[in-house]
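Participant: Below you'll find structure-v5.txt; it's compact mmCIF, C-alpha atoms and all ligand atoms.
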```txt
# COMPACT_ATOMS: atom_id res chain seq x y z
CA MET T 1198 -7.33 -12.23 0.61
CA ILE T 1199 -5.10 -10.23 -1.70
CA GLU T 1200 -1.84 -11.72 -2.86
CA GLY T 1201 1.00 -10.51 -5.06
CA LYS T 1202 3.11 -13.10 -6.85
CA GLY T 1203 6.36 -12.50 -8.69
CA ILE T 1204 5.67 -8.89 -9.62
CA CYS T 1205 8.33 -7.29 -11.81
CA LYS T 1206 8.29 -3.72 -13.04
CA SER T 1207 10.90 -1.63 -14.84
CA PHE T 1208 10.78 1.89 -16.21
CA GLY T 1209 13.03 1.90 -19.29
CA ASN T 1210 16.07 -0.12 -18.28
CA ARG T 1211 15.65 0.73 -14.60
CA VAL T 1212 14.36 -2.20 -12.55
CA ILE T 1213 12.01 -0.99 -9.80
CA LEU T 1214 10.44 -4.25 -8.57
CA SER T 1215 11.81 -7.73 -9.13
CA ASP T 1216 9.85 -10.80 -8.09
CA ALA T 1217 7.77 -9.03 -5.44
CA SER T 1218 5.54 -11.46 -3.58
CA PHE T 1219 3.40 -10.70 -0.57
CA LEU T 1220 0.24 -11.64 1.25
CA ILE T 1221 -2.49 -9.44 2.70
CA PRO T 1222 -4.76 -11.67 4.79
CA GLU T 1223 -8.39 -10.73 5.47
CA GLY T 1224 -8.91 -8.38 8.37
CA GLN T 1225 -5.24 -7.49 8.72
CA ILE T 1226 -3.27 -4.30 8.41
CA VAL T 1227 -0.07 -4.79 6.47
CA GLY T 1228 2.71 -2.22 6.37
CA LEU T 1229 4.95 -1.38 3.43
CA SER T 1230 8.10 0.58 4.07
CA GLY T 1231 11.24 1.41 2.13
CA LYS T 1232 13.28 4.41 1.09
CA SER T 1233 11.88 7.23 -1.01
CA GLY T 1234 11.84 6.34 -4.70
CA ILE T 1235 12.17 2.59 -4.07
CA GLY T 1236 8.84 1.57 -5.69
CA LYS T 1237 6.09 1.60 -3.03
CA THR T 1238 3.67 3.81 -4.99
CA THR T 1239 4.53 1.89 -8.15
CA LEU T 1240 3.38 -1.32 -6.47
CA ALA T 1241 0.20 0.36 -5.16
CA ARG T 1242 -0.60 1.61 -8.67
CA ILE T 1243 -0.17 -1.89 -10.07
CA MET T 1244 -2.49 -3.24 -7.38
CA CYS T 1245 -5.33 -0.87 -8.24
CA GLY T 1246 -5.01 -1.01 -12.00
CA ILE T 1247 -3.31 2.29 -12.85
CA ILE T 1248 -0.18 0.69 -14.36
CA SER T 1249 0.40 -2.89 -15.43
CA PRO T 1250 3.15 -5.18 -14.14
CA ASP T 1251 5.77 -6.45 -16.64
CA SER T 1252 5.20 -9.90 -15.19
CA GLY T 1253 3.63 -11.45 -12.12
CA ASN T 1254 0.12 -10.75 -10.89
CA ILE T 1255 -2.18 -9.61 -8.12
CA TYR T 1256 -4.71 -12.19 -6.95
CA ARG T 1257 -8.00 -11.63 -5.18
CA ASN T 1258 -9.12 -14.83 -3.49
CA GLY T 1259 -7.00 -16.74 -6.00
CA ALA T 1260 -8.29 -14.94 -9.14
CA ALA T 1261 -5.80 -12.86 -11.16
CA LEU T 1262 -6.66 -9.16 -11.47
CA TRP T 1263 -4.42 -8.54 -14.49
CA VAL T 1264 -5.44 -10.65 -17.52
CA ASN T 1265 -3.70 -10.06 -20.88
CA ASN T 1266 -2.44 -6.69 -19.69
CA THR T 1267 -5.98 -5.59 -18.79
CA TYR T 1268 -7.12 -4.93 -15.25
CA LYS T 1269 -10.37 -6.50 -14.05
CA ARG T 1270 -12.02 -3.20 -13.12
CA THR T 1271 -15.11 -4.58 -11.39
CA GLU T 1272 -13.15 -6.88 -9.13
CA GLY T 1273 -10.56 -4.18 -8.70
CA LEU T 1274 -13.14 -1.78 -7.23
CA THR T 1275 -12.66 -3.74 -4.05
CA ILE T 1276 -9.15 -2.27 -3.88
CA GLN T 1277 -9.23 1.45 -3.17
CA MET T 1278 -6.21 3.68 -2.85
CA VAL T 1279 -5.68 6.98 -1.10
CA SER T 1280 -2.76 8.58 -2.89
CA GLN T 1281 0.06 10.75 -1.57
CA HIS T 1282 -1.48 13.74 -3.32
CA PRO T 1283 -5.05 14.06 -2.00
CA PHE T 1284 -5.90 17.19 -3.99
CA SER T 1285 -5.30 15.32 -7.24
CA SER T 1286 -8.38 13.16 -6.51
CA LEU T 1287 -10.63 16.14 -5.77
CA ASP T 1288 -12.40 18.14 -8.48
CA PRO T 1289 -11.44 21.81 -7.90
CA ARG T 1290 -14.76 23.05 -9.34
CA GLN T 1291 -16.90 21.00 -7.03
CA LYS T 1292 -17.83 21.33 -3.33
CA LEU T 1293 -16.58 18.28 -1.43
CA ILE T 1294 -20.11 17.15 -0.63
CA SER T 1295 -21.03 17.05 -4.33
CA GLY T 1296 -18.16 14.64 -4.92
CA PHE T 1297 -19.56 12.34 -2.22
CA ARG T 1298 -23.04 12.51 -3.74
CA GLU T 1299 -21.69 11.73 -7.20
CA ILE T 1300 -19.88 8.59 -6.01
CA ILE T 1301 -22.87 7.41 -3.96
CA HIS T 1302 -25.34 7.82 -6.81
CA TYR T 1303 -23.06 6.49 -9.54
CA HIS T 1304 -22.37 3.31 -7.58
CA HIS T 1305 -25.88 3.08 -6.04
CA PHE T 1306 -24.55 3.08 -2.47
CA ALA T 1307 -27.72 4.82 -1.21
CA SER T 1308 -30.98 6.22 -2.58
CA TYR T 1309 -31.35 9.97 -3.25
CA GLY T 1310 -32.18 12.30 -0.39
CA LYS T 1311 -32.06 11.44 3.29
CA GLU T 1312 -30.32 8.07 2.87
CA THR T 1313 -27.48 9.70 0.93
CA ASP T 1314 -27.17 12.53 3.46
CA ASN T 1315 -27.01 10.06 6.35
CA LEU T 1316 -24.35 7.98 4.63
CA ILE T 1317 -22.22 11.07 3.94
CA GLU T 1318 -22.60 12.35 7.49
CA ASN T 1319 -21.74 9.00 9.10
CA THR T 1320 -18.74 8.39 6.85
CA ALA T 1321 -17.43 11.92 7.38
CA ARG T 1322 -17.81 11.58 11.14
CA GLU T 1323 -15.77 8.36 11.10
CA VAL T 1324 -12.71 10.27 9.89
CA GLY T 1325 -13.38 13.40 11.96
CA LEU T 1326 -14.80 15.65 9.23
CA THR T 1327 -17.68 18.03 9.82
CA MET T 1328 -20.49 18.78 7.39
CA GLU T 1329 -19.27 22.42 7.32
CA ILE T 1330 -15.98 21.30 5.80
CA LEU T 1331 -17.82 19.24 3.20
CA GLN T 1332 -19.55 22.44 2.05
CA GLN T 1333 -16.14 23.85 1.00
CA PHE T 1334 -14.28 23.69 -2.30
CA PRO T 1335 -10.89 21.89 -2.35
CA HIS T 1336 -8.92 25.16 -2.39
CA GLN T 1337 -10.58 26.17 0.89
CA ILE T 1338 -9.42 23.18 2.94
CA SER T 1339 -6.13 22.09 4.50
CA GLY T 1340 -3.97 19.20 3.35
CA GLY T 1341 -5.05 17.13 6.35
CA GLU T 1342 -8.73 17.81 5.64
CA ALA T 1343 -8.18 16.80 2.01
CA GLN T 1344 -6.61 13.54 3.17
CA ARG T 1345 -9.55 12.81 5.48
CA THR T 1346 -11.94 13.60 2.62
CA VAL T 1347 -10.22 11.21 0.25
CA ILE T 1348 -10.10 8.47 2.92
CA ALA T 1349 -13.84 8.94 3.62
CA ARG T 1350 -14.65 8.73 -0.11
CA CYS T 1351 -12.74 5.45 -0.34
CA LEU T 1352 -14.55 4.08 2.72
CA LEU T 1353 -17.87 4.49 0.85
CA PHE T 1354 -16.78 1.54 -1.31
CA LYS T 1355 -16.30 -0.71 1.76
CA PRO T 1356 -13.15 -1.92 -0.02
CA GLU T 1357 -11.73 -5.35 0.73
CA LEU T 1358 -8.37 -3.62 0.66
CA LEU T 1359 -7.73 0.03 1.39
CA ILE T 1360 -4.28 1.20 0.34
CA LEU T 1361 -3.13 4.22 2.32
CA ASP T 1362 -0.11 5.63 0.48
CA GLU T 1363 1.32 8.22 2.89
CA ALA T 1364 -2.34 9.07 3.25
CA THR T 1365 -2.04 10.77 6.61
CA SER T 1366 1.39 12.35 6.16
CA MET T 1367 -0.03 15.89 6.30
CA LEU T 1368 -1.38 15.31 9.80
CA ASP T 1369 0.60 15.51 13.03
CA VAL T 1370 1.82 12.23 14.48
CA SER T 1371 -0.87 11.78 17.12
CA THR T 1372 -3.68 12.64 14.65
CA GLN T 1373 -2.15 10.20 12.16
CA ALA T 1374 -2.26 7.41 14.75
CA ASN T 1375 -5.81 8.39 15.65
CA ILE T 1376 -7.11 8.30 12.05
CA ILE T 1377 -5.26 5.08 11.23
CA GLY T 1378 -6.71 3.56 14.42
CA LEU T 1379 -10.25 4.57 13.38
CA VAL T 1380 -9.86 3.35 9.82
CA LYS T 1381 -8.29 0.11 11.08
CA ARG T 1382 -11.29 -0.52 13.33
CA ILE T 1383 -13.78 0.17 10.50
CA GLN T 1384 -11.93 -2.03 8.02
CA THR T 1385 -10.88 -4.98 10.17
CA ALA T 1386 -14.19 -5.28 12.06
CA GLN T 1387 -15.66 -6.55 8.79
CA GLY T 1388 -12.73 -8.70 7.73
CA ARG T 1389 -11.41 -6.04 5.38
CA SER T 1390 -7.72 -5.14 5.12
CA ILE T 1391 -5.37 -2.18 4.89
CA LEU T 1392 -2.01 -1.74 3.17
CA LEU T 1393 -0.29 1.06 5.03
CA ILE T 1394 2.53 2.72 3.09
CA SER T 1395 4.32 5.10 5.42
CA HIS T 1396 7.68 6.59 6.27
CA ALA T 1397 6.59 6.79 9.90
CA ASP T 1398 8.31 3.59 11.09
CA ASP T 1399 6.94 3.84 14.63
CA LEU T 1400 3.38 4.13 13.34
CA VAL T 1401 3.86 1.15 11.03
CA LYS T 1402 5.41 -0.95 13.82
CA ALA T 1403 2.70 -0.05 16.30
CA THR T 1404 -0.27 -0.68 14.00
CA CYS T 1405 0.60 -3.39 11.50
CA ASP T 1406 0.10 -7.16 11.77
CA ARG T 1407 2.87 -7.75 9.26
CA ILE T 1408 5.39 -5.44 7.60
CA TYR T 1409 7.12 -5.71 4.25
CA GLU T 1410 10.11 -3.65 3.26
CA ILE T 1411 11.27 -3.04 -0.29
CA ASP T 1412 15.04 -3.08 -0.46
CA HIS T 1413 16.87 -2.92 -3.81
CA THR T 1414 13.80 -4.09 -5.79
CA LYS T 1415 13.27 -7.06 -3.42
CA PHE T 1416 10.53 -7.64 -0.87
CA ARG T 1417 11.39 -8.59 2.67
CA LEU T 1418 9.03 -9.53 5.52
CA LEU T 1419 10.03 -7.77 8.73
CA PRO T 1420 9.11 -8.87 12.22
CA SER T 1421 6.42 -6.53 13.60
CA ASP T 1422 5.70 -5.71 17.25
CA SER T 1423 2.51 -7.73 17.20
CA GLU T 1424 4.25 -10.77 15.70
CA GLU T 1425 6.93 -10.55 18.33
CA GLN T 1426 4.22 -10.41 20.95
CA LYS T 1427 2.54 -13.46 19.47
CA GLU T 1428 5.79 -15.41 19.86
CA ILE T 1429 6.08 -14.59 23.57
N1 LIG X 1501 5.70 6.49 -14.84
C1 LIG X 1501 7.01 6.48 -14.52
N2 LIG X 1501 7.95 6.56 -15.47
C2 LIG X 1501 9.27 6.51 -15.17
N3 LIG X 1501 9.75 6.39 -13.92
C3 LIG X 1501 8.85 6.31 -12.92
C4 LIG X 1501 7.45 6.36 -13.16
N4 LIG X 1501 6.79 6.24 -11.97
C5 LIG X 1501 7.74 6.15 -11.04
N5 LIG X 1501 8.99 6.19 -11.60
C6 LIG X 1501 10.26 6.06 -10.88
O1 LIG X 1501 10.23 4.83 -10.17
C7 LIG X 1501 10.84 4.97 -8.90
C8 LIG X 1501 9.89 4.50 -7.82
O2 LIG X 1501 8.86 5.45 -7.68
P1 LIG X 1501 7.72 5.33 -6.58
O3 LIG X 1501 6.84 6.48 -6.75
O4 LIG X 1501 7.12 3.98 -6.67
O5 LIG X 1501 8.59 5.45 -5.22
P2 LIG X 1501 8.11 5.47 -3.71
O6 LIG X 1501 8.75 4.31 -3.02
O7 LIG X 1501 6.63 5.54 -3.66
O8 LIG X 1501 8.76 6.82 -3.17
P3 LIG X 1501 8.20 7.87 -2.08
O9 LIG X 1501 8.46 7.24 -0.73
O10 LIG X 1501 9.07 9.06 -2.31
O11 LIG X 1501 6.78 8.12 -2.35
C9 LIG X 1501 11.25 6.44 -8.79
O12 LIG X 1501 12.61 6.54 -9.06
C10 LIG X 1501 10.42 7.13 -9.83
O13 LIG X 1501 11.10 8.24 -10.33
MG MG X 1502 5.30 6.96 -3.03
```
Give the structure from the file, written as structure tokens.

Facilitator:
Amino acid sequence: MIEGKGICKSFGNRVILSDASFLIPEGQIVGLSGKSGIGKTTLARIMCGIISPDSGNIYRNGAALWVNNTYKRTEGLTIQMVSQHPFSSLDPRQKLISGFREIIHYHHFASYGKETDNLIENTAREVGLTMEILQQFPHQISGGEAQRTVIARCLLFKPELLILDEATSMLDVSTQANIIGLVKRIQTAQGRSILLISHADDLVKATCDRIYEIDHTKFRLLPSDSEEQKEI
């Protein structure tokens, strides 16, 4: 379970987050909404160790991830983020498949050869990517294909929490719902979770177990469709 407690963050004298607290239970998909520029990506970056909070902390099963302004990298590997800008996580000089191989070998996710190829093929298939696309360089693929690629790379880590920050925004609405549905099944079947940051309110309402909204630096828990259904 991932928890945020009392997170505050300012840039200069501009307060972005004040006392943000939230809970992401195991096996659930949690939505995060709020106006553009309100602080959603800022929170995601704090959660996966890119920027530090001014105060407050992120906890994984009760253990703080930020200690003395340093992020616990090893523990933090269990939080993976797909950013709004998929091309920024892809090396322009490298075929997509080489990037997969590099991650798999660096983190010992599979042995060289057939086992690696199988893992790449299965993971790619899960997000609707073909092996032909993986033979391309980043400049040869579409924005949607880049998003699928980055999602698939994150799935290799089997992260306890996958943060999708507008990660399917380059796809049409029905494809977005399809990919989120697939990723949700993969993640939640094994008790893993998703934080879905999206402007697509309908998608968030239809897929999330709980929804937070950031409003004027504050966090608010919104009723979601599924919670309403539970009450009936
Ligand atoms: N490193 C930084 N230095 C200064 N200001 C920053 C920095 N990063 C973000 N900001 C500012 O903090 C605010 C929140 O940014 P953030 O990217 O978290 O918004 P967001 O909710 O993700 O917006 P969007 O929905 O458009 O992606 C913005 O006004 C942004 O300009
Ligand atoms: Mg953002």

Participant: Around ligand LIG 1501 (chain X), which protein and nucleic acid residues have at least one atom no more than 12 Å from it, if we count all atoms listed in the file? List them as a ChimeraX atom specification.

Facilitator: /T:1206-1214,1229-1243,1247-1250,1280-1282,1361-1364,1366,1393-1397,1410-1414

Participant: Separation of atom CA of Pro1283 of chain T and atom CA of Gln1344 of chain T, in Å?

Facilitator: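 Answer for the atom CA of Pro1283 of chain T to atom CA of Gln1344 of chain T separation: 5.4 Å.
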
Participant: Measuring between all atoms listed in the file, which one of T:Ala1374, T:Ile1360, T:Ala1321, T:Ile1204 shows the shortest distance to ligand MG 1502 (chain X)?

Facilitator: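 Looking only at the distances to ligand MG 1502 (chain X), the closest residue turns out to be T:Ile1360.
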
Participant: Using only C-alpha atoms, which residue out of T:Tyr1256, T:Phe1297, T:Tyr1303, T:Tyr1309 lies closest to Ile1276 of chain T?

Facilitator: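 Closest to Ile1276 of chain T, using only C-alpha atoms: T:Tyr1256.
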
Participant: If you measure from atom CA of Lys1381 of chain T to atom CA of Gln1277 of chain T, what distance in Å do you get, rounded to one decimal?

Facilitator: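 The value is 14.3 Å.
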
Participant: For atom CA of Pro1420 of chain T and atom CA of Val1279 of chain T, determine how far apart the two atoms are, in Å to one decimal place.

Facilitator: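 For atom CA of Pro1420 of chain T relative to atom CA of Val1279 of chain T, the distance reads 25.4 Å.
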
Participant: Given the point (-4.8, 15.8, 7.0) in the coordinates of this file, which residues lie within 8 Å, counting only C-alpha atoms, and how would they look as an mmCIF file with C-alpha atoms, in the frame of the given file?

Facilitator:
```
data_model
loop_
_atom_site.group_PDB
_atom_site.id
_atom_site.type_symbol
_atom_site.label_atom_id
_atom_site.label_comp_id
_atom_site.auth_asym_id
_atom_site.auth_seq_id
_atom_site.Cartn_x
_atom_site.Cartn_y
_atom_site.Cartn_z
ATOM 1 C CA SER T 1339 -6.130 22.090 4.500
ATOM 2 C CA GLY T 1340 -3.970 19.200 3.350
ATOM 3 C CA GLY T 1341 -5.050 17.130 6.350
ATOM 4 C CA GLU T 1342 -8.730 17.810 5.640
ATOM 5 C CA ALA T 1343 -8.180 16.800 2.010
ATOM 6 C CA GLN T 1344 -6.610 13.540 3.170
ATOM 7 C CA ARG T 1345 -9.550 12.810 5.480
ATOM 8 C CA THR T 1365 -2.040 10.770 6.610
ATOM 9 C CA SER T 1366 1.390 12.350 6.160
ATOM 10 C CA MET T 1367 -0.030 15.890 6.300
ATOM 11 C CA LEU T 1368 -1.380 15.310 9.800
#
```

Participant: Out of T:Phe1354, T:Gly1224, T:Val1401, T:Ile1338, which residue has the shortest atom-to-atom distance to Val1370 of chain T when counting all atoms listed in the file?

Facilitator: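 The answer is T:Val1401, which sits nearest to Val1370 of chain T.
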
Participant: Please identify all polymer residues within 12 Å of Ile1226 of chain T, counting only C-alpha atoms, omitting same-chain residues fewer than 6 positions from it, and present them as JSON, numbers by chain.

Facilitator: {"T": [1198, 1199, 1220, 1357, 1358, 1359, 1360, 1361, 1377, 1378, 1380, 1381, 1382, 1383, 1384, 1385, 1386, 1388, 1389, 1390, 1391, 1392, 1393, 1394, 1400, 1401, 1402, 1403, 1404, 1405, 1406, 1407, 1408, 1409, 1421, 1423]}

Participant: With distances taken over only C-alpha atoms and all ligand atoms, which residue among T:Met1278, T:Thr1320, T:Gly1310, T:Gln1291 lies nearest ligand MG 1502 (chain X)?

Facilitator: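 Among the listed residues, the smallest separation from ligand MG 1502 (chain X) belongs to T:Met1278.
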
Participant: Would you kindly return, as number ranges by chain, each protein, DNA or RNA residue with an atom no farther than 7 Å from any atom of segment 1333-1335 of chain T, considering only C-alpha atoms and excluding same-chain residues fewer than 2 positions away?

Facilitator: T: 1287, 1289, 1291-1293, 1330-1331, 1337-1338

Participant: Let me have the centre and edge lengths of the axis-aligned box enclosing all listed atoms of segment 1365-1378 of chain T with 5 Å padding on every side, in Å to one decimal, as AutoDock Vina command-line options.

Facilitator:
```
--center_x -2.6 --center_y 9.7 --center_z 11.6 --size_x 18.9 --size_y 22.3 --size_z 21.0
```

Participant: Around the point (-7.9, -9.1, -9.0) (coordinates from the file), which residues reach within 12 Å if we count all atoms listed in the file? Answer as a PyMOL selection string.

Facilitator: chain T and resi 1198-1202+1243-1246+1254-1264+1267-1276+1357-1358

Participant: For segment 1311-1313 of chain T, work out the shell of residues within 12 Å, counting all atoms listed in the file and skipping chain neighbours fewer than 6 positions away, then give it as a ChimeraX atom specification.

Facilitator: /T:1294-1295,1297-1305,1319-1320,1353

Participant: Using the atoms already present, construct N, CA and C atoms for segment 1199-1219 of chain T and hand them back as an mmCIF file, in the frame of the given file.

Facilitator:
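Saved file part.cif follows:
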```cif
data_model
loop_
_atom_site.group_PDB
_atom_site.id
_atom_site.type_symbol
_atom_site.label_atom_id
_atom_site.label_comp_id
_atom_site.auth_asym_id
_atom_site.auth_seq_id
_atom_site.Cartn_x
_atom_site.Cartn_y
_atom_site.Cartn_z
ATOM 1 N N ILE T 1199 -5.794 -10.783 -0.533
ATOM 2 C CA ILE T 1199 -5.100 -10.230 -1.700
ATOM 3 C C ILE T 1199 -3.643 -10.715 -1.642
ATOM 4 N N GLU T 1200 -3.187 -11.160 -2.803
ATOM 5 C CA GLU T 1200 -1.840 -11.720 -2.860
ATOM 6 C C GLU T 1200 -1.100 -11.159 -4.071
ATOM 7 N N GLY T 1201 0.179 -10.883 -3.913
ATOM 8 C CA GLY T 1201 1.000 -10.510 -5.060
ATOM 9 C C GLY T 1201 1.991 -11.631 -5.302
ATOM 10 N N LYS T 1202 2.157 -12.020 -6.563
ATOM 11 C CA LYS T 1202 3.110 -13.100 -6.850
ATOM 12 C C LYS T 1202 4.039 -12.704 -7.976
ATOM 13 N N GLY T 1203 5.320 -12.685 -7.675
ATOM 14 C CA GLY T 1203 6.360 -12.500 -8.690
ATOM 15 C C GLY T 1203 6.242 -11.225 -9.498
ATOM 16 N N ILE T 1204 5.875 -10.133 -8.864
ATOM 17 C CA ILE T 1204 5.670 -8.890 -9.620
ATOM 18 C C ILE T 1204 6.994 -8.244 -10.004
ATOM 19 N N CYS T 1205 7.135 -7.980 -11.299
ATOM 20 C CA CYS T 1205 8.330 -7.290 -11.810
ATOM 21 C C CYS T 1205 7.865 -6.026 -12.514
ATOM 22 N N LYS T 1206 8.615 -4.955 -12.325
ATOM 23 C CA LYS T 1206 8.290 -3.720 -13.040
ATOM 24 C C LYS T 1206 9.571 -2.919 -13.266
ATOM 25 N N SER T 1207 9.777 -2.516 -14.512
ATOM 26 C CA SER T 1207 10.900 -1.630 -14.840
ATOM 27 C C SER T 1207 10.357 -0.414 -15.546
ATOM 28 N N PHE T 1208 11.047 0.704 -15.395
ATOM 29 C CA PHE T 1208 10.780 1.890 -16.210
ATOM 30 C C PHE T 1208 12.004 2.064 -17.088
ATOM 31 N N GLY T 1209 11.863 1.913 -18.402
ATOM 32 C CA GLY T 1209 13.030 1.900 -19.290
ATOM 33 C C GLY T 1209 13.920 0.736 -18.883
ATOM 34 N N ASN T 1210 15.220 1.005 -18.708
ATOM 35 C CA ASN T 1210 16.070 -0.120 -18.280
ATOM 36 C C ASN T 1210 16.311 -0.116 -16.772
ATOM 37 N N ARG T 1211 15.494 0.669 -16.055
ATOM 38 C CA ARG T 1211 15.650 0.730 -14.600
ATOM 39 C C ARG T 1211 14.662 -0.221 -13.907
ATOM 40 N N VAL T 1212 15.217 -1.231 -13.248
ATOM 41 C CA VAL T 1212 14.360 -2.200 -12.550
ATOM 42 C C VAL T 1212 13.883 -1.582 -11.234
ATOM 43 N N ILE T 1213 12.563 -1.541 -11.044
ATOM 44 C CA ILE T 1213 12.010 -0.990 -9.800
ATOM 45 C C ILE T 1213 11.611 -2.130 -8.860
ATOM 46 N N LEU T 1214 10.862 -3.104 -9.386
ATOM 47 C CA LEU T 1214 10.440 -4.250 -8.570
ATOM 48 C C LEU T 1214 10.867 -5.522 -9.274
ATOM 49 N N SER T 1215 11.488 -6.443 -8.518
ATOM 50 C CA SER T 1215 11.810 -7.730 -9.130
ATOM 51 C C SER T 1215 11.280 -8.842 -8.233
ATOM 52 N N ASP T 1216 10.376 -9.636 -8.784
ATOM 53 C CA ASP T 1216 9.850 -10.800 -8.090
ATOM 54 C C ASP T 1216 9.224 -10.465 -6.737
ATOM 55 N N ALA T 1217 8.397 -9.431 -6.709
ATOM 56 C CA ALA T 1217 7.770 -9.030 -5.440
ATOM 57 C C ALA T 1217 6.573 -9.928 -5.136
ATOM 58 N N SER T 1218 6.645 -10.598 -4.005
ATOM 59 C CA SER T 1218 5.540 -11.460 -3.580
ATOM 60 C C SER T 1218 5.160 -11.112 -2.154
ATOM 61 N N PHE T 1219 3.860 -11.094 -1.904
ATOM 62 C CA PHE T 1219 3.400 -10.700 -0.570
ATOM 63 C C PHE T 1219 1.974 -11.184 -0.365
#
```
